[in-house]
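Structure file run30.txt with compact mmCIF, C-alpha atoms and all ligand atoms:
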```txt
# COMPACT_ATOMS: atom_id res chain seq x y z
CA MET F 1 30.28 -40.40 159.78
CA ASP F 2 29.39 -36.71 159.67
CA HIS F 3 29.20 -35.00 156.33
CA PRO F 4 32.43 -32.98 155.91
CA TYR F 5 30.45 -29.73 155.52
CA GLY F 6 27.88 -30.56 158.19
CA TRP F 7 29.43 -28.09 160.64
CA ILE F 8 28.34 -25.15 158.46
CA ALA F 9 24.65 -25.75 159.16
CA SER F 10 25.31 -26.00 162.91
CA ASP F 11 27.34 -22.82 162.87
CA LEU F 12 24.56 -20.99 161.04
CA GLN F 13 22.08 -22.26 163.63
CA ALA F 14 24.33 -20.98 166.39
CA LEU F 15 24.38 -17.54 164.72
CA HIS F 16 20.57 -17.55 164.57
CA ARG F 17 20.28 -18.61 168.22
CA ALA F 18 22.63 -15.82 169.35
CA GLY F 19 20.75 -13.22 167.30
CA TRP F 20 23.98 -12.60 165.34
CA TYR F 21 22.74 -13.83 161.97
CA ARG F 22 22.92 -11.21 159.23
CA SER F 23 21.73 -10.90 155.64
CA THR F 24 21.76 -8.32 152.86
CA ARG F 25 18.98 -5.89 151.92
CA LEU F 26 18.44 -4.76 148.37
CA SER F 27 18.06 -1.03 147.87
CA HIS F 28 17.96 1.29 144.90
CA GLY F 29 17.34 4.93 144.15
CA SER F 30 18.59 7.68 141.91
CA GLY F 31 19.41 10.00 144.82
CA SER F 32 21.54 9.31 147.87
CA ALA F 33 19.12 10.25 150.69
CA GLN F 34 15.84 8.81 149.52
CA ILE F 35 15.88 5.14 148.52
CA GLU F 36 13.65 2.18 147.98
CA LEU F 37 14.54 -0.64 150.35
CA GLU F 38 12.87 -3.96 149.63
CA GLY F 39 9.94 -2.16 148.03
CA ARG F 40 9.50 0.46 150.77
CA ARG F 41 10.40 4.13 150.31
CA VAL F 42 12.73 5.10 153.16
CA LEU F 43 15.17 7.79 154.17
CA GLN F 44 18.74 6.54 153.95
CA PHE F 45 20.66 6.87 157.24
CA ALA F 46 22.93 3.86 156.72
CA SER F 47 25.22 5.00 153.94
CA ASN F 48 28.90 5.96 154.08
CA ASP F 49 28.32 8.31 151.15
CA TYR F 50 28.66 11.29 153.52
CA LEU F 51 28.75 13.94 150.81
CA GLY F 52 26.33 12.22 148.43
CA LEU F 53 29.07 11.98 145.81
CA SER F 54 28.41 8.40 144.68
CA LYS F 55 25.40 9.66 142.73
CA ASP F 56 27.00 12.94 141.63
CA SER F 57 26.74 13.32 137.86
CA ARG F 58 30.35 14.54 137.61
CA LEU F 59 31.66 11.30 139.16
CA VAL F 60 29.40 9.24 136.93
CA SER F 61 30.58 11.11 133.81
CA ALA F 62 34.23 10.77 134.79
CA ALA F 63 33.74 7.03 135.25
CA ILE F 64 32.00 6.68 131.87
CA ASP F 65 34.73 8.67 130.11
CA ALA F 66 37.39 6.47 131.71
CA LEU F 67 35.52 3.33 130.66
CA ARG F 68 35.46 4.58 127.06
CA ILE F 69 39.16 5.47 127.06
CA HIS F 70 40.66 2.69 129.17
CA GLY F 71 38.09 -0.13 129.17
CA ALA F 72 36.33 -1.84 132.03
CA GLY F 73 39.27 -3.55 133.70
CA ALA F 74 42.90 -2.70 134.31
CA THR F 75 43.80 -6.14 132.84
CA GLY F 76 46.73 -6.84 135.11
CA SER F 77 48.67 -5.81 138.17
CA ARG F 78 50.03 -2.28 138.17
CA LEU F 79 53.60 -3.59 137.89
CA LEU F 80 52.81 -5.59 134.74
CA SER F 81 50.06 -4.40 132.37
CA GLY F 82 47.65 -2.61 134.70
CA GLU F 83 49.05 0.94 135.02
CA ARG F 84 46.77 3.61 133.48
CA GLU F 85 47.02 7.38 133.44
CA PRO F 86 44.31 8.03 136.09
CA HIS F 87 46.16 5.87 138.67
CA ARG F 88 49.13 8.18 139.10
CA GLN F 89 46.94 11.28 138.68
CA LEU F 90 44.79 10.12 141.58
CA GLU F 91 47.82 9.19 143.70
CA LYS F 92 49.47 12.59 143.16
CA ARG F 93 46.19 14.39 143.92
CA LEU F 94 45.64 12.41 147.13
CA ALA F 95 49.25 12.94 148.25
CA THR F 96 48.99 16.72 147.79
CA TRP F 97 45.68 16.87 149.64
CA LYS F 98 47.00 14.79 152.53
CA GLY F 99 50.22 16.79 152.76
CA CYS F 100 52.38 13.78 151.86
CA GLU F 101 55.09 13.14 149.28
CA ASP F 102 53.39 10.21 147.60
CA CYS F 103 50.50 7.78 147.65
CA LEU F 104 49.52 4.31 146.48
CA VAL F 105 45.95 3.29 145.64
CA PHE F 106 44.70 -0.22 146.40
CA SER F 107 41.61 -2.09 145.21
CA SER F 108 39.91 -1.43 148.56
CA GLY F 109 40.64 0.03 151.96
CA TYR F 110 40.53 -3.45 153.41
CA LEU F 111 43.24 -4.59 150.98
CA ALA F 112 45.33 -1.52 151.78
CA ASN F 113 45.47 -2.56 155.44
CA LEU F 114 46.11 -6.20 154.53
CA GLY F 115 49.06 -5.03 152.44
CA VAL F 116 50.62 -2.23 154.42
CA ILE F 117 50.80 -3.80 157.90
CA PRO F 118 52.63 -7.00 156.89
CA ALA F 119 54.97 -4.83 154.80
CA LEU F 120 55.89 -2.75 157.85
CA VAL F 121 56.13 -5.38 160.59
CA GLY F 122 56.90 -9.09 160.97
CA SER F 123 57.45 -11.73 163.60
CA ARG F 124 60.14 -9.77 165.48
CA ASP F 125 57.89 -6.75 165.83
CA LEU F 126 55.05 -5.39 167.93
CA VAL F 127 51.69 -3.93 166.91
CA LEU F 128 49.68 -1.89 169.40
CA ALA F 129 46.04 -1.40 168.51
CA ASP F 130 42.97 0.31 169.89
CA GLU F 131 40.42 -2.35 170.87
CA TYR F 132 37.79 -0.76 168.59
CA ASN F 133 39.97 -0.72 165.47
CA HIS F 134 38.44 -1.77 162.16
CA SER F 135 38.51 -5.44 161.22
CA SER F 136 40.94 -4.78 158.34
CA LEU F 137 43.60 -3.46 160.75
CA LYS F 138 43.18 -6.57 162.88
CA SER F 139 43.38 -8.88 159.86
CA GLY F 140 46.47 -7.07 158.53
CA THR F 141 48.13 -7.45 161.92
CA GLN F 142 47.34 -11.17 162.06
CA LEU F 143 48.73 -11.63 158.58
CA SER F 144 51.97 -9.87 159.57
CA GLY F 145 52.82 -12.39 162.29
CA ALA F 146 53.80 -9.55 164.63
CA GLN F 147 52.99 -9.75 168.32
CA SER F 148 49.75 -7.87 168.81
CA LEU F 149 48.51 -6.07 171.91
CA THR F 150 45.32 -4.08 172.21
CA TYR F 151 44.77 -1.16 174.56
CA PRO F 152 41.37 -0.08 175.92
CA HIS F 153 39.54 2.32 173.61
CA GLY F 154 41.37 5.67 173.44
CA ASP F 155 43.37 4.90 176.61
CA MET F 156 46.75 6.56 176.05
CA ALA F 157 47.96 5.86 179.61
CA GLN F 158 47.47 2.16 178.96
CA LEU F 159 49.16 2.42 175.57
CA GLU F 160 52.16 4.00 177.26
CA GLU F 161 52.20 1.31 179.93
CA GLU F 162 52.24 -1.45 177.29
CA LEU F 163 55.14 0.30 175.58
CA VAL F 164 57.11 0.59 178.81
CA ARG F 165 56.57 -3.11 179.38
CA HIS F 166 57.05 -4.50 175.86
CA ARG F 167 58.78 -2.04 173.52
CA GLY F 168 62.30 -3.10 174.48
CA ALA F 169 61.74 -6.73 173.49
CA HIS F 170 60.89 -5.88 169.88
CA ARG F 171 62.70 -4.60 166.81
CA ARG F 172 60.02 -2.32 165.31
CA CYS F 173 56.75 -1.17 166.76
CA LEU F 174 53.63 0.01 164.90
CA ILE F 175 50.70 1.75 166.56
CA CYS F 176 47.48 1.31 164.55
CA THR F 177 44.32 3.30 165.05
CA ASP F 178 41.14 4.38 163.30
CA THR F 179 41.03 8.19 163.48
CA VAL F 180 37.22 8.26 163.44
CA PHE F 181 36.04 4.94 164.86
CA SER F 182 33.72 3.33 162.36
CA MET F 183 31.06 1.89 164.67
CA ASP F 184 31.10 4.68 167.30
CA GLY F 185 31.97 7.85 165.40
CA ASP F 186 34.35 9.22 168.03
CA LEU F 187 37.92 10.41 167.48
CA ALA F 188 41.24 8.87 168.55
CA PRO F 189 43.33 11.20 170.78
CA LEU F 190 45.84 11.70 167.98
CA PRO F 191 48.06 14.49 169.41
CA ARG F 192 48.78 12.44 172.52
CA LEU F 193 49.13 9.20 170.54
CA ILE F 194 51.69 10.72 168.20
CA GLU F 195 53.64 12.20 171.10
CA VAL F 196 53.78 8.76 172.79
CA ALA F 197 54.78 7.10 169.50
CA GLU F 198 57.68 9.51 169.01
CA ARG F 199 58.90 8.98 172.55
CA PHE F 200 58.99 5.20 172.10
CA ARG F 201 60.29 5.28 168.51
CA CYS F 202 57.13 3.71 167.07
CA MET F 203 55.67 3.92 163.59
CA VAL F 204 52.03 5.06 163.38
CA LEU F 205 49.35 3.92 160.94
CA VAL F 206 46.15 5.98 161.00
CA ASP F 207 43.01 4.80 159.24
CA GLU F 208 41.09 7.85 158.00
CA ALA F 209 38.23 5.90 156.37
CA HIS F 210 35.45 7.85 158.11
CA ALA F 211 37.37 11.13 158.46
CA THR F 212 38.40 11.74 154.85
CA GLY F 213 36.01 14.23 153.28
CA VAL F 214 34.38 14.90 156.64
CA LEU F 215 36.97 16.43 159.02
CA GLY F 216 39.52 19.22 158.61
CA PRO F 217 39.37 22.60 156.85
CA THR F 218 39.79 21.00 153.40
CA GLY F 219 38.22 17.68 154.35
CA ALA F 220 41.60 15.94 154.39
CA GLY F 221 40.74 14.14 157.63
CA ALA F 222 41.49 13.97 161.32
CA LEU F 223 45.20 14.86 161.07
CA GLU F 224 44.22 18.07 159.30
CA HIS F 225 41.49 18.63 161.91
CA PHE F 226 44.11 18.51 164.68
CA GLY F 227 46.63 20.50 162.63
CA LEU F 228 49.10 17.61 162.78
CA ALA F 229 51.61 16.96 160.02
CA PRO F 230 53.89 14.26 161.32
CA SER F 231 55.59 11.69 159.15
CA LEU F 232 53.43 8.64 159.51
CA VAL F 233 51.41 6.20 157.45
CA GLN F 234 48.02 7.59 156.48
CA MET F 235 45.54 5.21 154.93
CA GLY F 236 41.92 5.59 153.98
CA THR F 237 39.27 4.56 151.55
CA LEU F 238 37.92 5.97 148.30
CA SER F 239 34.58 4.29 149.00
CA LYS F 240 33.06 6.44 151.74
CA ALA F 241 32.89 10.24 151.43
CA LEU F 242 34.68 9.94 148.07
CA GLY F 243 31.79 7.88 146.70
CA SER F 244 33.87 5.47 144.61
CA LEU F 245 35.79 2.28 145.36
CA GLY F 246 39.37 1.62 146.42
CA GLY F 247 41.80 2.37 149.21
CA TYR F 248 44.93 4.47 149.55
CA VAL F 249 48.08 4.81 151.61
CA CYS F 250 49.85 8.18 151.79
CA GLY F 251 53.29 8.86 153.23
CA SER F 252 56.89 9.62 152.33
CA ALA F 253 58.14 8.92 148.81
CA GLU F 254 60.40 6.26 150.30
CA LEU F 255 57.53 4.51 152.09
CA ILE F 256 55.41 4.42 148.92
CA ASP F 257 58.35 3.21 146.84
CA TYR F 258 58.86 0.45 149.37
CA LEU F 259 55.16 -0.52 149.40
CA ARG F 260 55.13 -0.79 145.60
CA ASN F 261 57.67 -3.58 146.09
CA ARG F 262 56.51 -5.14 149.35
CA ALA F 263 52.75 -4.77 149.80
CA ARG F 264 51.50 -8.13 148.55
CA SER F 265 47.85 -7.05 148.29
CA TRP F 266 49.02 -4.41 145.82
CA VAL F 267 51.75 -6.29 143.92
CA TYR F 268 49.73 -9.45 143.31
CA THR F 269 46.35 -8.04 142.44
CA THR F 270 44.81 -6.32 139.43
CA GLY F 271 45.05 -2.53 139.32
CA LEU F 272 42.08 -0.49 140.48
CA SER F 273 39.51 -0.23 137.67
CA PRO F 274 39.87 2.88 135.47
CA ALA F 275 36.25 3.92 136.15
CA ASP F 276 36.63 3.75 139.95
CA THR F 277 39.95 5.59 139.73
CA ALA F 278 38.56 8.41 137.59
CA ALA F 279 35.47 8.77 139.79
CA ALA F 280 37.66 9.04 142.90
CA LEU F 281 39.90 11.63 141.22
CA THR F 282 36.86 13.78 140.44
CA ALA F 283 35.60 13.31 144.00
CA VAL F 284 38.86 14.59 145.51
CA ASP F 285 38.63 17.71 143.37
CA ILE F 286 35.02 18.30 144.40
CA VAL F 287 35.69 17.77 148.11
CA ARG F 288 38.59 20.24 148.02
CA SER F 289 36.83 22.91 145.97
CA GLU F 290 33.33 22.74 147.49
CA PRO F 291 33.57 23.22 151.26
CA GLU F 292 29.83 23.97 151.26
CA LEU F 293 29.22 20.20 151.06
CA ARG F 294 30.97 19.81 154.42
CA THR F 295 29.17 22.82 155.85
CA ARG F 296 25.82 21.25 154.97
CA LEU F 297 26.94 17.90 156.43
CA TRP F 298 27.93 19.48 159.75
CA GLN F 299 24.70 21.49 159.91
CA ASN F 300 22.78 18.22 159.55
CA ILE F 301 24.93 16.53 162.20
CA ALA F 302 24.24 19.41 164.63
CA ARG F 303 20.49 19.29 163.91
CA LEU F 304 20.29 15.55 164.57
CA GLN F 305 22.43 15.82 167.71
CA ALA F 306 20.19 18.58 169.06
CA GLY F 307 17.15 16.39 168.36
CA PHE F 308 18.68 13.47 170.27
CA THR F 309 19.55 15.71 173.21
CA GLU F 310 16.04 17.18 173.28
CA ARG F 311 14.64 13.63 173.52
CA GLN F 312 17.16 12.68 176.21
CA LEU F 313 18.38 9.75 174.11
CA THR F 314 21.68 8.08 175.01
CA LEU F 315 23.99 9.36 172.28
CA LEU F 316 27.47 7.81 172.20
CA PRO F 317 30.41 10.27 172.08
CA THR F 318 30.92 11.42 168.48
CA ASN F 319 33.01 13.86 166.41
CA SER F 320 31.88 12.77 162.97
CA ALA F 321 28.92 11.98 160.72
CA VAL F 322 28.39 8.69 162.60
CA LEU F 323 25.87 9.11 165.43
CA CYS F 324 24.86 6.16 167.60
CA ILE F 325 22.11 5.87 170.17
CA ARG F 326 21.67 3.14 172.72
CA VAL F 327 18.15 1.78 173.06
CA GLY F 328 18.63 -1.43 175.06
CA ASP F 329 19.79 -5.00 174.57
CA VAL F 330 20.30 -6.90 171.29
CA GLU F 331 16.65 -7.83 170.91
CA ARG F 332 15.28 -4.38 171.74
CA THR F 333 17.78 -2.74 169.40
CA ARG F 334 16.79 -5.02 166.57
CA ARG F 335 13.07 -4.32 167.15
CA PHE F 336 13.79 -0.58 167.29
CA ALA F 337 15.53 -0.71 163.89
CA ASP F 338 12.65 -2.76 162.41
CA ALA F 339 10.09 -0.25 163.71
CA LEU F 340 12.14 2.66 162.31
CA ARG F 341 12.14 1.00 158.92
CA GLU F 342 8.37 0.63 159.05
CA ALA F 343 8.19 4.32 159.92
CA GLY F 344 10.23 5.10 156.78
CA VAL F 345 13.81 5.40 158.07
CA TYR F 346 16.67 3.05 157.37
CA ALA F 347 19.32 2.99 160.11
CA PRO F 348 20.84 -0.33 161.09
CA ALA F 349 21.01 -2.04 164.47
CA ILE F 350 24.70 -2.70 165.05
CA ARG F 351 25.08 -5.65 167.38
CA PRO F 352 27.69 -8.00 168.79
CA PRO F 353 30.02 -9.43 167.58
CA THR F 354 30.62 -6.28 165.50
CA VAL F 355 30.49 -4.10 168.64
CA PRO F 356 30.46 -4.92 172.37
CA THR F 357 27.11 -3.16 172.99
CA SER F 358 24.11 -2.87 170.65
CA ARG F 359 23.19 0.48 169.18
CA ILE F 360 21.30 2.14 166.32
CA ARG F 361 23.82 3.76 164.01
CA PHE F 362 22.89 6.82 161.95
CA SER F 363 25.11 8.06 159.13
CA VAL F 364 24.38 11.67 158.29
CA MET F 365 24.87 12.97 154.74
CA ALA F 366 25.23 16.41 153.17
CA THR F 367 22.35 15.47 150.87
CA HIS F 368 19.87 15.12 153.75
CA THR F 369 17.61 18.17 153.97
CA PRO F 370 16.74 19.66 157.39
CA GLU F 371 13.22 18.37 156.77
CA MET F 372 14.59 14.82 156.36
CA ILE F 373 16.41 15.09 159.69
CA ASP F 374 13.12 16.22 161.25
CA ARG F 375 11.31 13.28 159.66
CA LEU F 376 13.88 10.94 161.20
CA LEU F 377 13.31 12.51 164.63
CA ALA F 378 9.52 12.21 164.17
CA ALA F 379 9.97 8.53 163.27
CA ILE F 380 11.98 8.03 166.48
CA ASP F 381 9.18 9.69 168.50
CA CYS F 382 6.73 7.35 166.86
CA VAL F 383 8.84 4.26 167.70
CA LEU F 384 9.42 5.42 171.29
C1 LIG D 401 35.32 0.90 155.61
C2 LIG D 401 36.59 0.83 156.36
C3 LIG D 401 37.71 0.20 155.82
C4 LIG D 401 37.65 -0.58 154.53
O1 LIG D 401 37.50 0.22 153.44
P1 LIG D 401 36.91 -0.39 152.09
O2 LIG D 401 37.41 0.50 151.03
O3 LIG D 401 35.42 -0.37 152.24
O4 LIG D 401 37.43 -1.79 151.97
C5 LIG D 401 38.89 0.26 156.50
N1 LIG D 401 38.96 0.89 157.69
C6 LIG D 401 37.90 1.48 158.26
C7 LIG D 401 38.05 2.18 159.57
C8 LIG D 401 36.67 1.46 157.62
O5 LIG D 401 35.61 2.02 158.19
```

Mind turning this structure into structure tokens?
Amino acid sequence: MDHPYGWIASDLQALHRAGWYRSTRLSHGSGSAQIELEGRRVLQFASNDYLGLSKDSRLVSAAIDALRIHGAGATGSRLLSGEREPHRQLEKRLATWKGCEDCLVFSSGYLANLGVIPALVGSRDLVLADEYNHSSLKSGTQLSGAQSLTYPHGDMAQLEEELVRHRGAHRRCLICTDTVFSMDGDLAPLPRLIEVAERFRCMVLVDEAHATGVLGPTGAGALEHFGLAPSLVQMGTLSKALGSLGGYVCGSAELIDYLRNRARSWVYTTGLSPADTAAALTAVDIVRSEPELRTRLWQNIARLQAGFTERQLTLLPTNSAVLCIRVGDVERTRRFADALREAGVYAPAIRPPTVPTSRIRFSVMATHTPEMIDRLLAAIDCVL
């Protein structure tokens, strides 16, 4: 008889054969843009720390102060023993920034989506999702038991067609979309999507993970970028441009009140750690009061884009700090990323099954200098 765990080894072999096997890489560094990766000094172009805040001394100090005052852990769920002063401060600050009545912070963005979707829809309901949505939106939808339909990336005509065909057979309907798509960097057509949602009486959940801190006049995200202020469910993460850890959901006071009672990944888990909460609170204040961070980020994005264009590289459509170039099939893309690393630049090869087509994905940061962007472009020339 087979060993009961024997299938794990065969599955791992299958991953290796398909070129889908992945492993971690250890990095460290005191700054955000220049790191040591497995003993080699490289420029960091793989981080979600778009504004370089994770290493900002003000975040670090806020976290240390919170540790001293509140301890390392929240010690219980928010509803029992885990509520600390920084939690509600952060929630109020996020709500104001996002133009919402209230907010709830989760232990991660992933957990926010796992909690909020099953709280909003169930087996009698319908979820419509962009095919490129983040894994956490897909997992949340599966957990909800709702019927799930995906529409082709950004295709609002197809979304509308699905609604014409299926909306009538369901009680509630939720449209879920990333605002900035995490593996491509492009933007969802939000004005049109919201108009369609209103027409078909659908709820909308937008995931602002890669837009928060990056888009909009105050960095509040893609809704602010488009000048939209509809009543919908806005979620995002504290772990990307905000440099900390955790997730949030913003919306009406009623929605948040409801989620505090119905979002299982919030009710039945320990409150966000005081240090992470305090760091995120400081980050929100910095993002709102220092627009020059965003200015520097967008200057870097423009410089890199111009460099790609000059080299006639195939740049995927983008409206964010995520820039992807196509350099060939899975194997070629992997070799390209390896060669870049040897030339002193860390940018990952993103491959199936994460995305349908392989690409090199560059994350630009405000803490890159123009000279670092030029060094990246020189490394690309060298690899080409
Ligand atoms: C990163 C990400 C998440 C998850 O956020 P975490 O806080 O890292 O768990 C959710 N949605 C999108 C679109 C993301 O890119």

Report, in Å with one decimal, the straight-line distance from CA of Val345 (chain F) to CA of Cys382 (chain F). 11.5 Å

May I have a table of the residues of chain F lying at most 6 Å from ligand LIG 401 (chain D), giving each one's closest pair of atoms and their distance in Å to one decimal, counting all atoms listed in the file, ordered by chain and ascending residue number, as CSV?
```
residue,atom,partner,partner_atom,distance
F:Ser108,CA,D:LIG401,O2,4.0
F:Gly109,CA,D:LIG401,O2,3.4
F:Tyr110,CA,D:LIG401,O4,3.8
F:His134,CA,D:LIG401,C7,4.7
F:Ser136,CA,D:LIG401,C5,5.7
F:Asp178,CA,D:LIG401,C7,5.3
F:Ser182,CA,D:LIG401,O5,4.8
F:Asp207,CA,D:LIG401,C7,5.6
F:Ala209,CA,D:LIG401,C6,4.8
F:His210,CA,D:LIG401,O5,5.8
F:Thr237,CA,D:LIG401,O2,4.5
F:Ser239,CA,D:LIG401,O2,5.1
F:Gly246,CA,D:LIG401,O2,5.1
F:Gly247,CA,D:LIG401,O2,5.1
```

Please provide the set of residues having any atom within 10 Å of region 3-18 of chain F, restricted to all atoms listed in the file, with same-chain residues fewer than 4 positions apart removed, written as a PyMOL selection string. chain F and resi 22+330+352-353

Residue with smallest distance to Gln34 (chain F) - pool F:Ala74, F:Ala129, F:Ala46, F:Glu290, counting only C-alpha atoms: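 Answer, going by the shortest atom-to-atom distance: F:Ala46.
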
Once you count only C-alpha atoms, which residues end up no further than 10 Å from (21.4, -4.5, 154.6) in the file's frame, shown as a list in words? Arg22, Ser23, Thr24, Arg25, Leu26, Ser27, Leu37, Glu38, Ala46, Tyr346, Ala347 and Pro348 of chain F

Nearest residue to Gly73 (chain F) out of F:Ala337, F:Leu114, F:Leu272, F:Leu59, using only C-alpha atoms?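 Of the candidates, the smallest distance to Gly73 (chain F) is held by F:Leu272.
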
Need to verify the contact set: Thr141 (chain F), 12 Å, all atoms listed in the file, exclusion of same-chain residues closer than 3 positions in sequence. Can you return it as a ChimeraX atom specification? /F:113-123,125-129,133-138,144-150,173-177,205

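Going from CA of Pro274 (chain F) over to CA of Arg78 (chain F), you cover 11.7 Å.
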
Might you pull out every residue within 8 Å of region 190-198 of chain F, with all atoms listed in the file counted and same-chain residues fewer than 6 positions away left off, and present them as a ChimeraX atom specification? /F:156,160,175,179,204,223,226,228

Hey, what's within 6 Å of Ala211 (chain F) if we count only C-alpha atoms and toss same-chain stuff fewer than 2 positions away? As number ranges by chain, please? F: 180, 208-209, 214-215, 221-222

The residue from F:Arg84, F:Val364, F:Ile350, F:Gly328 with the smallest atom-to-atom distance to Gly71 (chain F), counting all atoms listed in the file, is F:Arg84

Can you put all heavy atoms back into region 294-301 of chain F and show it as a PDB file, in the frame of the given file?
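Saved the output as rebuild.pdb:
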```pdb
ATOM      1  N   ARG F 294      30.646  20.118 153.020  1.00  0.00           N
ATOM      2  CA  ARG F 294      30.970  19.810 154.420  1.00  0.00           C
ATOM      3  C   ARG F 294      30.169  20.683 155.367  1.00  0.00           C
ATOM      4  O   ARG F 294      29.738  20.226 156.420  1.00  0.00           O
ATOM      5  CB  ARG F 294      32.469  19.978 154.664  1.00  0.00           C
ATOM      6  CG  ARG F 294      33.150  18.674 154.917  1.00  0.00           C
ATOM      7  CD  ARG F 294      34.648  18.752 155.016  1.00  0.00           C
ATOM      8  NE  ARG F 294      35.290  19.938 154.556  1.00  0.00           N
ATOM      9  CZ  ARG F 294      35.670  20.147 153.306  1.00  0.00           C
ATOM     10  NH1 ARG F 294      35.437  19.247 152.383  1.00  0.00           N
ATOM     11  NH2 ARG F 294      36.284  21.265 152.967  1.00  0.00           N
ATOM     12  N   THR F 295      29.977  21.935 155.004  1.00  0.00           N
ATOM     13  CA  THR F 295      29.170  22.820 155.850  1.00  0.00           C
ATOM     14  C   THR F 295      27.779  22.249 156.027  1.00  0.00           C
ATOM     15  O   THR F 295      27.251  22.169 157.137  1.00  0.00           O
ATOM     16  CB  THR F 295      29.079  24.230 155.197  1.00  0.00           C
ATOM     17  OG1 THR F 295      30.406  24.673 154.936  1.00  0.00           O
ATOM     18  CG2 THR F 295      28.351  25.211 156.090  1.00  0.00           C
ATOM     19  N   ARG F 296      27.172  21.818 154.909  1.00  0.00           N
ATOM     20  CA  ARG F 296      25.820  21.250 154.970  1.00  0.00           C
ATOM     21  C   ARG F 296      25.816  19.974 155.813  1.00  0.00           C
ATOM     22  O   ARG F 296      24.924  19.757 156.623  1.00  0.00           O
ATOM     23  CB  ARG F 296      25.356  20.929 153.544  1.00  0.00           C
ATOM     24  CG  ARG F 296      23.939  21.413 153.278  1.00  0.00           C
ATOM     25  CD  ARG F 296      23.575  21.246 151.816  1.00  0.00           C
ATOM     26  NE  ARG F 296      24.365  22.080 150.927  1.00  0.00           N
ATOM     27  CZ  ARG F 296      24.749  21.742 149.699  1.00  0.00           C
ATOM     28  NH1 ARG F 296      24.441  20.558 149.202  1.00  0.00           N
ATOM     29  NH2 ARG F 296      25.441  22.576 148.955  1.00  0.00           N
ATOM     30  N   LEU F 297      26.847  19.133 155.642  1.00  0.00           N
ATOM     31  CA  LEU F 297      26.940  17.900 156.430  1.00  0.00           C
ATOM     32  C   LEU F 297      26.943  18.204 157.918  1.00  0.00           C
ATOM     33  O   LEU F 297      26.189  17.624 158.698  1.00  0.00           O
ATOM     34  CB  LEU F 297      28.203  17.126 156.031  1.00  0.00           C
ATOM     35  CG  LEU F 297      28.519  15.885 156.874  1.00  0.00           C
ATOM     36  CD1 LEU F 297      27.434  14.823 156.721  1.00  0.00           C
ATOM     37  CD2 LEU F 297      29.878  15.298 156.488  1.00  0.00           C
ATOM     38  N   TRP F 298      27.800  19.179 158.313  1.00  0.00           N
ATOM     39  CA  TRP F 298      27.930  19.480 159.750  1.00  0.00           C
ATOM     40  C   TRP F 298      26.698  20.166 160.315  1.00  0.00           C
ATOM     41  O   TRP F 298      26.373  20.004 161.483  1.00  0.00           O
ATOM     42  CB  TRP F 298      29.226  20.271 160.011  1.00  0.00           C
ATOM     43  CG  TRP F 298      30.393  19.322 160.007  1.00  0.00           C
ATOM     44  CD1 TRP F 298      31.239  19.068 158.963  1.00  0.00           C
ATOM     45  CD2 TRP F 298      30.788  18.442 161.058  1.00  0.00           C
ATOM     46  NE1 TRP F 298      32.145  18.095 159.309  1.00  0.00           N
ATOM     47  CE2 TRP F 298      31.896  17.697 160.589  1.00  0.00           C
ATOM     48  CE3 TRP F 298      30.320  18.201 162.350  1.00  0.00           C
ATOM     49  CZ2 TRP F 298      32.537  16.728 161.368  1.00  0.00           C
ATOM     50  CZ3 TRP F 298      30.956  17.236 163.131  1.00  0.00           C
ATOM     51  CH2 TRP F 298      32.050  16.527 162.646  1.00  0.00           C
ATOM     52  N   GLN F 299      25.982  20.922 159.465  1.00  0.00           N
ATOM     53  CA  GLN F 299      24.700  21.490 159.910  1.00  0.00           C
ATOM     54  C   GLN F 299      23.701  20.359 160.200  1.00  0.00           C
ATOM     55  O   GLN F 299      22.978  20.391 161.197  1.00  0.00           O
ATOM     56  CB  GLN F 299      24.123  22.427 158.839  1.00  0.00           C
ATOM     57  CG  GLN F 299      24.802  23.788 158.827  1.00  0.00           C
ATOM     58  CD  GLN F 299      24.472  24.609 157.573  1.00  0.00           C
ATOM     59  OE1 GLN F 299      23.872  24.102 156.621  1.00  0.00           O
ATOM     60  NE2 GLN F 299      24.883  25.873 157.579  1.00  0.00           N
ATOM     61  N   ASN F 300      23.679  19.362 159.342  1.00  0.00           N
ATOM     62  CA  ASN F 300      22.780  18.220 159.550  1.00  0.00           C
ATOM     63  C   ASN F 300      23.154  17.441 160.807  1.00  0.00           C
ATOM     64  O   ASN F 300      22.284  17.001 161.558  1.00  0.00           O
ATOM     65  CB  ASN F 300      22.811  17.292 158.331  1.00  0.00           C
ATOM     66  CG  ASN F 300      22.091  17.891 157.137  1.00  0.00           C
ATOM     67  OD1 ASN F 300      21.267  18.786 157.303  1.00  0.00           O
ATOM     68  ND2 ASN F 300      22.391  17.398 155.947  1.00  0.00           N
ATOM     69  N   ILE F 301      24.465  17.246 161.009  1.00  0.00           N
ATOM     70  CA  ILE F 301      24.930  16.530 162.200  1.00  0.00           C
ATOM     71  C   ILE F 301      24.459  17.272 163.458  1.00  0.00           C
ATOM     72  O   ILE F 301      23.911  16.670 164.385  1.00  0.00           O
ATOM     73  CB  ILE F 301      26.477  16.393 162.198  1.00  0.00           C
ATOM     74  CG1 ILE F 301      26.931  15.483 161.046  1.00  0.00           C
ATOM     75  CG2 ILE F 301      26.988  15.872 163.545  1.00  0.00           C
ATOM     76  CD1 ILE F 301      28.430  15.522 160.760  1.00  0.00           C
TER      77      ILE F 301
END
```
